[in-house]
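**Student:** Contents of structure.pdb (PDB, C-alpha atoms):
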```pdb
ATOM      1  CA  MET A   1      92.150 122.042 108.923
ATOM      2  CA  LYS A   2      89.124 120.128 107.570
ATOM      3  CA  LYS A   3      90.781 120.075 104.160
ATOM      4  CA  THR A   4      93.967 118.681 105.681
ATOM      5  CA  SER A   5      92.012 115.991 107.516
ATOM      6  CA  ALA A   6      90.289 114.876 104.301
ATOM      7  CA  GLU A   7      93.557 114.938 102.321
ATOM      8  CA  TYR A   8      95.285 112.983 105.102
ATOM      9  CA  ASP A   9      92.520 110.362 105.101
ATOM     10  CA  LYS A  10      92.751 109.990 101.310
ATOM     11  CA  VAL A  11      96.502 109.322 101.460
ATOM     12  CA  ILE A  12      96.156 106.907 104.370
ATOM     13  CA  ASP A  13      93.274 105.092 102.662
ATOM     14  CA  PHE A  14      95.517 104.402  99.661
ATOM     15  CA  CYS A  15      98.380 103.232 101.913
ATOM     16  CA  ARG A  16      96.021 101.080 103.988
ATOM     17  CA  THR A  17      94.605  99.397 100.881
ATOM     18  CA  LEU A  18      98.127  98.585  99.694
ATOM     19  CA  PHE A  19      98.999  97.250 103.172
ATOM     20  CA  ILE A  20      95.933  94.959 103.128
ATOM     21  CA  HIS A  21      96.755  93.694  99.624
ATOM     22  CA  LYS A  22     100.334  92.927 100.685
ATOM     23  CA  MET A  23      99.025  91.173 103.793
ATOM     24  CA  THR A  24      96.918  89.015 101.470
ATOM     25  CA  ASP A  25      99.950  88.235  99.307
ATOM     26  CA  TYR A  26     102.616  87.798 101.998
ATOM     27  CA  GLY A  27     100.836  87.449 105.328
ATOM     28  CA  SER A  28     102.486  89.054 108.327
ATOM     29  CA  ALA A  29     106.028  87.939 107.493
ATOM     30  CA  TRP A  30     107.089  91.498 108.466
ATOM     31  CA  ARG A  31     106.337  90.611 112.104
ATOM     32  CA  ILE A  32     109.770  88.934 112.391
ATOM     33  CA  LEU A  33     111.592  92.193 111.581
ATOM     34  CA  ARG A  34     113.396  93.845 114.454
ATOM     35  CA  LEU A  35     113.080  97.620 114.769
ATOM     36  CA  PRO A  36     116.545  98.359 113.338
ATOM     37  CA  SER A  37     115.610  96.331 110.243
ATOM     38  CA  LEU A  38     112.444  98.368 109.765
ATOM     39  CA  THR A  39     114.371 101.572 110.375
ATOM     40  CA  ASP A  40     116.867 100.539 107.708
ATOM     41  CA  GLN A  41     114.057  99.792 105.226
ATOM     42  CA  ILE A  42     112.640 103.274 105.812
ATOM     43  CA  PHE A  43     116.134 104.745 105.493
ATOM     44  CA  ILE A  44     116.626 103.052 102.105
ATOM     45  CA  LYS A  45     113.347 104.517 100.868
ATOM     46  CA  ALA A  46     114.166 108.022 102.127
ATOM     47  CA  GLN A  47     117.653 107.872 100.598
ATOM     48  CA  ARG A  48     116.132 106.805  97.284
ATOM     49  CA  ILE A  49     113.715 109.740  97.391
ATOM     50  CA  ARG A  50     116.603 112.115  98.019
ATOM     51  CA  SER A  51     118.556 110.551  95.163
ATOM     52  CA  LEU A  52     115.564 110.911  92.831
ATOM     53  CA  GLN A  53     115.220 114.549  93.863
ATOM     54  CA  GLU A  54     118.882 115.254  93.146
ATOM     55  CA  ASN A  55     119.523 113.140  90.019
ATOM     56  CA  GLN A  56     117.993 113.551  86.590
ATOM     57  CA  VAL A  57     118.559 109.967  85.423
ATOM     58  CA  ARG A  58     116.296 107.193  86.751
ATOM     59  CA  LYS A  59     116.985 103.547  86.040
ATOM     60  CA  ILE A  60     113.937 102.180  87.880
ATOM     61  CA  GLU A  61     110.454 103.390  86.974
ATOM     62  CA  GLU A  62     109.098 103.715  90.533
ATOM     63  CA  ASP A  63     108.821 107.329  91.565
ATOM     64  CA  GLU A  64     108.960 109.259  94.832
ATOM     65  CA  LYS A  65     105.290 108.593  95.517
ATOM     66  CA  SER A  66     105.757 104.842  95.939
ATOM     67  CA  GLU A  67     108.707 105.433  98.274
ATOM     68  CA  PHE A  68     106.738 107.859 100.482
ATOM     69  CA  ILE A  69     103.957 105.255 100.666
ATOM     70  CA  GLY A  70     106.578 102.714 101.732
ATOM     71  CA  ILE A  71     107.828 105.071 104.446
ATOM     72  CA  ILE A  72     104.285 105.397 105.776
ATOM     73  CA  ASN A  73     103.583 101.664 105.811
ATOM     74  CA  TYR A  74     106.978 100.625 107.196
ATOM     75  CA  SER A  75     106.694 103.277 109.926
ATOM     76  CA  ILE A  76     103.266 101.940 110.852
ATOM     77  CA  MET A  77     104.710  98.411 110.968
ATOM     78  CA  ALA A  78     107.479  99.691 113.249
ATOM     79  CA  LEU A  79     104.934 101.240 115.611
ATOM     80  CA  ILE A  80     103.003  97.959 115.648
ATOM     81  CA  GLN A  81     106.262  96.147 116.487
ATOM     82  CA  LEU A  82     106.882  98.614 119.322
ATOM     83  CA  GLU A  83     103.410  97.854 120.670
ATOM     84  CA  LEU A  84     103.348  94.064 120.198
ATOM     85  CA  GLY A  85     107.029  93.157 120.198
ATOM     86  CA  VAL A  86     108.803  91.181 117.507
ATOM     87  CA  ALA A  87     107.345  87.762 116.663
ATOM     88  CA  ASP A  88     109.312  84.604 115.859
ATOM     89  CA  GLN A  89     106.805  83.667 113.168
ATOM     90  CA  PRO A  90     104.035  85.510 111.328
ATOM     91  CA  ASP A  91     101.265  85.725 113.908
ATOM     92  CA  LEU A  92      98.640  88.193 112.667
ATOM     93  CA  ASP A  93      95.946  87.589 110.121
ATOM     94  CA  THR A  94      94.852  90.414 107.840
ATOM     95  CA  ALA A  95      91.999  91.507 110.118
ATOM     96  CA  GLN A  96      94.248  91.647 113.208
ATOM     97  CA  ALA A  97      97.005  93.486 111.358
ATOM     98  CA  THR A  98      94.505  95.964 109.910
ATOM     99  CA  GLU A  99      93.105  96.611 113.383
ATOM    100  CA  GLN A 100      96.629  97.382 114.611
ATOM    101  CA  TYR A 101      97.261  99.534 111.525
ATOM    102  CA  ASP A 102      94.108 101.556 112.172
ATOM    103  CA  ALA A 103      95.009 102.104 115.835
ATOM    104  CA  VAL A 104      98.447 103.447 114.872
ATOM    105  CA  VAL A 105      96.949 105.716 112.217
ATOM    106  CA  SER A 106      94.351 107.060 114.641
ATOM    107  CA  ALA A 107      96.986 108.031 117.221
ATOM    108  CA  THR A 108      99.297 109.448 114.555
ATOM    109  CA  LYS A 109      96.553 111.524 112.958
ATOM    110  CA  LYS A 110      95.632 112.975 116.369
ATOM    111  CA  LEU A 111      99.270 113.994 116.813
ATOM    112  CA  MET A 112      99.254 115.575 113.348
ATOM    113  CA  GLU A 113      96.092 117.533 114.116
ATOM    114  CA  ALA A 114      97.524 118.871 117.375
ATOM    115  CA  LYS A 115     100.837 119.871 115.777
ATOM    116  CA  ASN A 116      99.099 121.233 112.687
ATOM    117  CA  HIS A 117      96.989 123.458 114.925
ATOM    118  CA  ASP A 118     100.020 124.753 116.809
ATOM    119  CA  TYR A 119     102.203 125.229 113.708
ATOM    120  CA  GLY A 120      99.441 126.746 111.587
ATOM    121  CA  GLU A 121      99.860 124.313 108.687
ATOM    122  CA  ALA A 122     103.388 125.566 108.032
ATOM    123  CA  TRP A 123     104.077 122.355 106.066
ATOM    124  CA  ARG A 124     101.940 123.691 103.206
ATOM    125  CA  ASP A 125     104.682 126.248 102.481
ATOM    126  CA  MET A 126     107.473 123.667 102.589
ATOM    127  CA  ARG A 127     109.178 121.906  99.715
ATOM    128  CA  VAL A 128     108.877 118.146  99.310
ATOM    129  CA  SER A 129     112.687 118.027  99.418
ATOM    130  CA  SER A 130     112.626 119.622 102.888
ATOM    131  CA  LEU A 131     110.137 117.034 104.098
ATOM    132  CA  THR A 132     112.476 114.349 102.733
ATOM    133  CA  ASP A 133     115.368 115.856 104.688
ATOM    134  CA  LEU A 134     113.270 115.951 107.863
ATOM    135  CA  ILE A 135     112.417 112.267 107.422
ATOM    136  CA  LEU A 136     116.121 111.464 106.999
ATOM    137  CA  GLN A 137     116.920 113.501 110.128
ATOM    138  CA  LYS A 138     114.270 111.582 112.097
ATOM    139  CA  LEU A 139     115.764 108.312 110.806
ATOM    140  CA  LEU A 140     119.230 109.285 111.989
ATOM    141  CA  ARG A 141     117.735 110.127 115.391
ATOM    142  CA  VAL A 142     115.976 106.760 115.550
ATOM    143  CA  LYS A 143     119.197 104.957 114.611
ATOM    144  CA  GLN A 144     121.020 106.758 117.414
ATOM    145  CA  ILE A 145     118.295 105.910 119.933
ATOM    146  CA  GLU A 146     118.409 102.282 118.769
ATOM    147  CA  ASP A 147     122.188 102.285 119.181
ATOM    148  CA  ASN A 148     121.613 103.605 122.727
ATOM    149  CA  GLN A 149     119.286 100.647 123.423
ATOM    150  CA  GLY A 150     116.262 102.970 123.438
ATOM    151  CA  LYS A 151     117.562 105.242 126.174
ATOM    152  CA  THR A 152     117.232 109.012 125.850
ATOM    153  CA  LEU A 153     118.038 111.753 128.322
ATOM    154  CA  VAL A 154     115.701 114.518 127.202
ATOM    155  CA  SER A 155     114.468 113.546 123.756
ATOM    156  CA  GLU A 156     111.181 112.080 122.595
ATOM    157  CA  GLY A 157     111.241 108.365 122.014
ATOM    158  CA  ILE A 158     111.359 106.249 118.914
ATOM    159  CA  ASP A 159     107.576 106.149 118.611
ATOM    160  CA  ALA A 160     107.248 109.932 118.232
ATOM    161  CA  ASN A 161     109.918 109.917 115.522
ATOM    162  CA  TYR A 162     108.112 107.200 113.550
ATOM    163  CA  GLN A 163     104.868 109.163 113.888
ATOM    164  CA  ASP A 164     106.566 112.304 112.599
ATOM    165  CA  MET A 165     107.937 110.354 109.620
ATOM    166  CA  ILE A 166     104.437 109.141 108.781
ATOM    167  CA  ASN A 167     103.068 112.663 108.968
ATOM    168  CA  TYR A 168     105.892 114.184 106.905
ATOM    169  CA  ALA A 169     105.425 111.513 104.231
ATOM    170  CA  VAL A 170     101.671 112.154 104.142
ATOM    171  CA  PHE A 171     102.338 115.885 103.793
ATOM    172  CA  ALA A 172     104.786 115.210 100.949
ATOM    173  CA  LEU A 173     102.193 113.111  99.105
ATOM    174  CA  ILE A 174      99.555 115.820  99.573
ATOM    175  CA  LEU A 175     101.927 118.468  98.210
ATOM    176  CA  MET A 176     102.901 116.248  95.273
ATOM    177  CA  GLU A 177      99.233 115.671  94.453
ATOM    178  CA  GLN A 178      98.532 119.415  94.515
ATOM    179  CA  ALA A 179     101.485 120.096  92.203
ATOM    180  CA  GLN A 180     100.053 117.861  89.464
TER     181      GLN A 180
END
```
Let me see whether you can do it: turn the structure in this file into structure tokens.

**Tutor:**
Amino acid sequence: MKKTSAEYDKVIDFCRTLFIHKMTDYGSAWRILRLPSLTDQIFIKAQRIRSLQENQVRKIEEDEKSEFIGIINYSIMALIQLELGVADQPDLDTAQATEQYDAVVSATKKLMEAKNHDYGEAWRDMRVSSLTDLILQKLLRVKQIEDNQGKTLVSEGIDANYQDMINYAVFALILMEQAQ
């Protein structure tokens, strides 16, 4: 479990650095995005990963890694939106956005550690393609919950699904790194 924690932190550190650099370039323009828009952005990235996994020909040089990083950062943005609500204008500076980012990551990592304990690190024996499919399944669940105006009868909410997507994407990046 200590190894997983260190590997997790390494992946998140890379994603966080990219997030901060994009905040410097673009500010918090993402704060105007409604949850379905963020969900759709994540869906596009997950679909692209699946396409890359299934097709031999690539016409754009970006690989699966950059798309998994995008899934992580967009999912974190979605969780921030859930917490703060959607803004009419960019309203966070880099320090404020990074503070929100870190809070989301902290809660999500705690969830990962609890599940990882209970599941015995089963993800280490999974294929990256299976993690991709699980992310797509979570996205379809989120879309359905969004279509139901956030109401569920017995299911976990949107936030838990975004957290699971973050954790699956981190696991995929760890497995991809080990395969190199």

**Student:** Taking the file as I've supplied it (selection: the PyMOL selection byres ((chain A and resi 86-100) around 10)), which residues are included? Please answer as a ChimeraX atom specification.

**Tutor:** /A:16-17,19-24,26-35,76-85,101-106

**Student:** Would you put the residues from that selection into a file with C-alpha atoms, as a PDB file, in the coordinates of the input?

**Tutor:**
```pdb
ATOM      1  CA  ARG A  16      96.021 101.080 103.988  1.00  0.00           C
ATOM      2  CA  THR A  17      94.605  99.397 100.881  1.00  0.00           C
ATOM      3  CA  PHE A  19      98.999  97.250 103.172  1.00  0.00           C
ATOM      4  CA  ILE A  20      95.933  94.959 103.128  1.00  0.00           C
ATOM      5  CA  HIS A  21      96.755  93.694  99.624  1.00  0.00           C
ATOM      6  CA  LYS A  22     100.334  92.927 100.685  1.00  0.00           C
ATOM      7  CA  MET A  23      99.025  91.173 103.793  1.00  0.00           C
ATOM      8  CA  THR A  24      96.918  89.015 101.470  1.00  0.00           C
ATOM      9  CA  TYR A  26     102.616  87.798 101.998  1.00  0.00           C
ATOM     10  CA  GLY A  27     100.836  87.449 105.328  1.00  0.00           C
ATOM     11  CA  SER A  28     102.486  89.054 108.327  1.00  0.00           C
ATOM     12  CA  ALA A  29     106.028  87.939 107.493  1.00  0.00           C
ATOM     13  CA  TRP A  30     107.089  91.498 108.466  1.00  0.00           C
ATOM     14  CA  ARG A  31     106.337  90.611 112.104  1.00  0.00           C
ATOM     15  CA  ILE A  32     109.770  88.934 112.391  1.00  0.00           C
ATOM     16  CA  LEU A  33     111.592  92.193 111.581  1.00  0.00           C
ATOM     17  CA  ARG A  34     113.396  93.845 114.454  1.00  0.00           C
ATOM     18  CA  LEU A  35     113.080  97.620 114.769  1.00  0.00           C
ATOM     19  CA  ILE A  76     103.266 101.940 110.852  1.00  0.00           C
ATOM     20  CA  MET A  77     104.710  98.411 110.968  1.00  0.00           C
ATOM     21  CA  ALA A  78     107.479  99.691 113.249  1.00  0.00           C
ATOM     22  CA  LEU A  79     104.934 101.240 115.611  1.00  0.00           C
ATOM     23  CA  ILE A  80     103.003  97.959 115.648  1.00  0.00           C
ATOM     24  CA  GLN A  81     106.262  96.147 116.487  1.00  0.00           C
ATOM     25  CA  LEU A  82     106.882  98.614 119.322  1.00  0.00           C
ATOM     26  CA  GLU A  83     103.410  97.854 120.670  1.00  0.00           C
ATOM     27  CA  LEU A  84     103.348  94.064 120.198  1.00  0.00           C
ATOM     28  CA  GLY A  85     107.029  93.157 120.198  1.00  0.00           C
ATOM     29  CA  TYR A 101      97.261  99.534 111.525  1.00  0.00           C
ATOM     30  CA  ASP A 102      94.108 101.556 112.172  1.00  0.00           C
ATOM     31  CA  ALA A 103      95.009 102.104 115.835  1.00  0.00           C
ATOM     32  CA  VAL A 104      98.447 103.447 114.872  1.00  0.00           C
ATOM     33  CA  VAL A 105      96.949 105.716 112.217  1.00  0.00           C
ATOM     34  CA  SER A 106      94.351 107.060 114.641  1.00  0.00           C
TER      35      SER A 106
END
```

**Student:** If you take only C-alpha atoms and a cut-off of 9 Å, which residues of region 4-43 of chain A touch region 55-75 of chain A, and what are their nearest atom pairs and distances in Å to one decimal, in chain and number order, as JSON lines?

**Tutor:**
```
{"residue": "A:Val11", "atom": "CA", "partner": "A:Ile69", "partner_atom": "CA", "distance": 8.5}
{"residue": "A:Ile12", "atom": "CA", "partner": "A:Ile72", "partner_atom": "CA", "distance": 8.4}
{"residue": "A:Phe14", "atom": "CA", "partner": "A:Ile69", "partner_atom": "CA", "distance": 8.5}
{"residue": "A:Cys15", "atom": "CA", "partner": "A:Ile69", "partner_atom": "CA", "distance": 6.1}
{"residue": "A:Arg16", "atom": "CA", "partner": "A:Asn73", "partner_atom": "CA", "distance": 7.8}
{"residue": "A:Leu18", "atom": "CA", "partner": "A:Asn73", "partner_atom": "CA", "distance": 8.8}
{"residue": "A:Phe19", "atom": "CA", "partner": "A:Asn73", "partner_atom": "CA", "distance": 6.9}
{"residue": "A:Leu38", "atom": "CA", "partner": "A:Tyr74", "partner_atom": "CA", "distance": 6.4}
{"residue": "A:Thr39", "atom": "CA", "partner": "A:Ser75", "partner_atom": "CA", "distance": 7.9}
{"residue": "A:Gln41", "atom": "CA", "partner": "A:Tyr74", "partner_atom": "CA", "distance": 7.4}
{"residue": "A:Ile42", "atom": "CA", "partner": "A:Ile71", "partner_atom": "CA", "distance": 5.3}
{"residue": "A:Phe43", "atom": "CA", "partner": "A:Ile71", "partner_atom": "CA", "distance": 8.4}
```

**Student:** Just checking: using only C-alpha atoms, which residue out of A:Lys109, A:Arg50, A:Lys151, A:Lys115 ends up closest to Ser130 (chain A)?

**Tutor:** A:Arg50

**Student:** Expand the PyMOL selection byres ((chain A and resi 142) around 12) into the explicit residue set it covers here, and present it as an MDAnalysis selection string.

**Tutor:** chainID A and resid 35:40 42:43 75 78 135:141 143:152 155:165

**Student:** Using all atoms listed in the file, which residues of region 44-152 of chain A come within 10 Å of region 2-9 of chain A, and what is the closest atom pair for each, with the distance in Å to one decimal? Give it as JSON lines, sorted by chain and residue number.

**Tutor:**
```
{"residue": "A:Val105", "atom": "CA", "partner": "A:Asp9", "partner_atom": "CA", "distance": 9.6}
{"residue": "A:Lys109", "atom": "CA", "partner": "A:Tyr8", "partner_atom": "CA", "distance": 8.1}
{"residue": "A:Met112", "atom": "CA", "partner": "A:Ser5", "partner_atom": "CA", "distance": 9.3}
{"residue": "A:Glu113", "atom": "CA", "partner": "A:Ser5", "partner_atom": "CA", "distance": 7.9}
{"residue": "A:Asn116", "atom": "CA", "partner": "A:Thr4", "partner_atom": "CA", "distance": 9.1}
{"residue": "A:Glu121", "atom": "CA", "partner": "A:Thr4", "partner_atom": "CA", "distance": 8.7}
{"residue": "A:Arg124", "atom": "CA", "partner": "A:Thr4", "partner_atom": "CA", "distance": 9.7}
```

**Student:** Kindly give the distance, in Å, that separates CA of Leu111 (chain A) and CA of Ala46 (chain A), rounded to a single decimal.

**Tutor:** 21.8 Å

**Student:** Rank A:Ile174, A:Val154, A:Ile44, A:Ile166 by their smallest atom-to-atom distance to Trp123 (chain A), using all atoms listed in the file, and report the top residue only.

**Tutor:** A:Ile174

**Student:** What does the distance from CA of Ser51 (chain A) to CA of Met176 (chain A) come to in Å, to one decimal?

**Tutor:**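 Between CA of Ser51 (chain A) and CA of Met176 (chain A) the gap works out to 16.7 Å.
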
**Student:** Using Å and a single decimal, report how far CA of Leu175 (chain A) sits from CA of Asp125 (chain A).

**Tutor:** 9.3 Å

**Student:** Between A:Ala107, A:Ala114, A:Val128, A:Ile49, which one has atoms that come closest to Phe171 (chain A), using all atoms listed in the file?

**Tutor:**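 Closest residue, counting all atoms listed in the file: A:Val128.
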
**Student:** Could you check which of A:Leu153, A:Ser129, A:Tyr119, A:Gln180 is closest to Leu52 (chain A), using only C-alpha atoms?

**Tutor:**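 Smallest separation from Leu52 (chain A) among the options: A:Ser129.
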
**Student:** Could you add whatever atoms are missing so that region 159-170 of chain A carries all heavy atoms, then write the result as an mmCIF file, keeping the file's coordinate frame?

**Tutor:**
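Below is the file that was written, rebuild.cif:
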```cif
data_model
loop_
_atom_site.group_PDB
_atom_site.id
_atom_site.type_symbol
_atom_site.label_atom_id
_atom_site.label_comp_id
_atom_site.auth_asym_id
_atom_site.auth_seq_id
_atom_site.Cartn_x
_atom_site.Cartn_y
_atom_site.Cartn_z
ATOM 1 N N ASP A 159 108.943 106.116 119.131
ATOM 2 C CA ASP A 159 107.576 106.149 118.611
ATOM 3 C C ASP A 159 107.205 107.518 118.041
ATOM 4 O O ASP A 159 106.631 107.603 116.953
ATOM 5 C CB ASP A 159 106.568 105.715 119.681
ATOM 6 C CG ASP A 159 106.625 106.542 120.950
ATOM 7 O OD1 ASP A 159 107.661 107.191 121.230
ATOM 8 O OD2 ASP A 159 105.629 106.529 121.699
ATOM 9 N N ALA A 160 107.561 108.586 118.720
ATOM 10 C CA ALA A 160 107.248 109.932 118.232
ATOM 11 C C ALA A 160 107.964 110.224 116.912
ATOM 12 O O ALA A 160 107.406 110.891 116.026
ATOM 13 C CB ALA A 160 107.618 110.971 119.278
ATOM 14 N N ASN A 161 109.175 109.718 116.769
ATOM 15 C CA ASN A 161 109.918 109.917 115.522
ATOM 16 C C ASN A 161 109.267 109.167 114.360
ATOM 17 O O ASN A 161 109.151 109.704 113.260
ATOM 18 C CB ASN A 161 111.376 109.496 115.698
ATOM 19 C CG ASN A 161 112.167 110.510 116.495
ATOM 20 O OD1 ASN A 161 112.484 111.576 115.987
ATOM 21 N ND2 ASN A 161 112.469 110.203 117.741
ATOM 22 N N TYR A 162 108.824 107.935 114.596
ATOM 23 C CA TYR A 162 108.112 107.200 113.550
ATOM 24 C C TYR A 162 106.817 107.925 113.178
ATOM 25 O O TYR A 162 106.461 108.014 112.001
ATOM 26 C CB TYR A 162 107.780 105.770 113.996
ATOM 27 C CG TYR A 162 108.920 104.790 113.942
ATOM 28 C CD1 TYR A 162 109.246 104.031 115.061
ATOM 29 C CD2 TYR A 162 109.647 104.568 112.782
ATOM 30 C CE1 TYR A 162 110.278 103.098 115.033
ATOM 31 C CE2 TYR A 162 110.677 103.645 112.734
ATOM 32 C CZ TYR A 162 110.986 102.911 113.863
ATOM 33 O OH TYR A 162 112.003 101.986 113.825
ATOM 34 N N GLN A 163 106.107 108.431 114.174
ATOM 35 C CA GLN A 163 104.868 109.163 113.888
ATOM 36 C C GLN A 163 105.153 110.406 113.046
ATOM 37 O O GLN A 163 104.422 110.698 112.106
ATOM 38 C CB GLN A 163 104.162 109.552 115.188
ATOM 39 C CG GLN A 163 103.504 108.388 115.884
ATOM 40 C CD GLN A 163 102.814 108.816 117.162
ATOM 41 O OE1 GLN A 163 103.407 109.456 118.017
ATOM 42 N NE2 GLN A 163 101.550 108.453 117.279
ATOM 43 N N ASP A 164 106.208 111.127 113.390
ATOM 44 C CA ASP A 164 106.566 112.304 112.599
ATOM 45 C C ASP A 164 106.907 111.923 111.166
ATOM 46 O O ASP A 164 106.525 112.622 110.216
ATOM 47 C CB ASP A 164 107.742 113.051 113.233
ATOM 48 C CG ASP A 164 107.351 113.838 114.470
ATOM 49 O OD1 ASP A 164 106.136 114.061 114.706
ATOM 50 O OD2 ASP A 164 108.269 114.252 115.214
ATOM 51 N N MET A 165 107.608 110.796 110.980
ATOM 52 C CA MET A 165 107.937 110.354 109.620
ATOM 53 C C MET A 165 106.675 110.055 108.821
ATOM 54 O O MET A 165 106.580 110.403 107.634
ATOM 55 C CB MET A 165 108.855 109.137 109.650
ATOM 56 C CG MET A 165 110.275 109.462 110.056
ATOM 57 S SD MET A 165 111.353 108.032 109.938
ATOM 58 C CE MET A 165 111.287 107.400 111.611
ATOM 59 N N ILE A 166 105.713 109.414 109.457
ATOM 60 C CA ILE A 166 104.437 109.141 108.781
ATOM 61 C C ILE A 166 103.807 110.461 108.345
ATOM 62 O O ILE A 166 103.416 110.629 107.188
ATOM 63 C CB ILE A 166 103.469 108.369 109.707
ATOM 64 C CG1 ILE A 166 103.982 106.955 109.965
ATOM 65 C CG2 ILE A 166 102.053 108.348 109.113
ATOM 66 C CD1 ILE A 166 103.275 106.230 111.105
ATOM 67 N N ASN A 167 103.732 111.401 109.274
ATOM 68 C CA ASN A 167 103.068 112.663 108.968
ATOM 69 C C ASN A 167 103.811 113.459 107.900
ATOM 70 O O ASN A 167 103.185 114.024 106.999
ATOM 71 C CB ASN A 167 102.838 113.470 110.245
ATOM 72 C CG ASN A 167 101.752 112.843 111.101
ATOM 73 O OD1 ASN A 167 100.852 112.181 110.594
ATOM 74 N ND2 ASN A 167 101.822 113.043 112.397
ATOM 75 N N TYR A 168 105.132 113.487 107.950
ATOM 76 C CA TYR A 168 105.892 114.184 106.905
ATOM 77 C C TYR A 168 105.677 113.536 105.537
ATOM 78 O O TYR A 168 105.556 114.223 104.519
ATOM 79 C CB TYR A 168 107.391 114.210 107.225
ATOM 80 C CG TYR A 168 107.781 115.036 108.420
ATOM 81 C CD1 TYR A 168 108.901 114.713 109.160
ATOM 82 C CD2 TYR A 168 107.047 116.151 108.820
ATOM 83 C CE1 TYR A 168 109.291 115.462 110.270
ATOM 84 C CE2 TYR A 168 107.423 116.908 109.923
ATOM 85 C CZ TYR A 168 108.544 116.559 110.645
ATOM 86 O OH TYR A 168 108.924 117.300 111.731
ATOM 87 N N ALA A 169 105.642 112.210 105.505
ATOM 88 C CA ALA A 169 105.425 111.513 104.231
ATOM 89 C C ALA A 169 104.021 111.781 103.700
ATOM 90 O O ALA A 169 103.840 111.973 102.486
ATOM 91 C CB ALA A 169 105.669 110.012 104.401
ATOM 92 N N VAL A 170 103.030 111.810 104.576
ATOM 93 C CA VAL A 170 101.671 112.154 104.142
ATOM 94 C C VAL A 170 101.649 113.569 103.576
ATOM 95 O O VAL A 170 101.084 113.812 102.508
ATOM 96 C CB VAL A 170 100.655 112.010 105.301
ATOM 97 C CG1 VAL A 170 99.298 112.610 104.917
ATOM 98 C CG2 VAL A 170 100.480 110.547 105.700
#
```
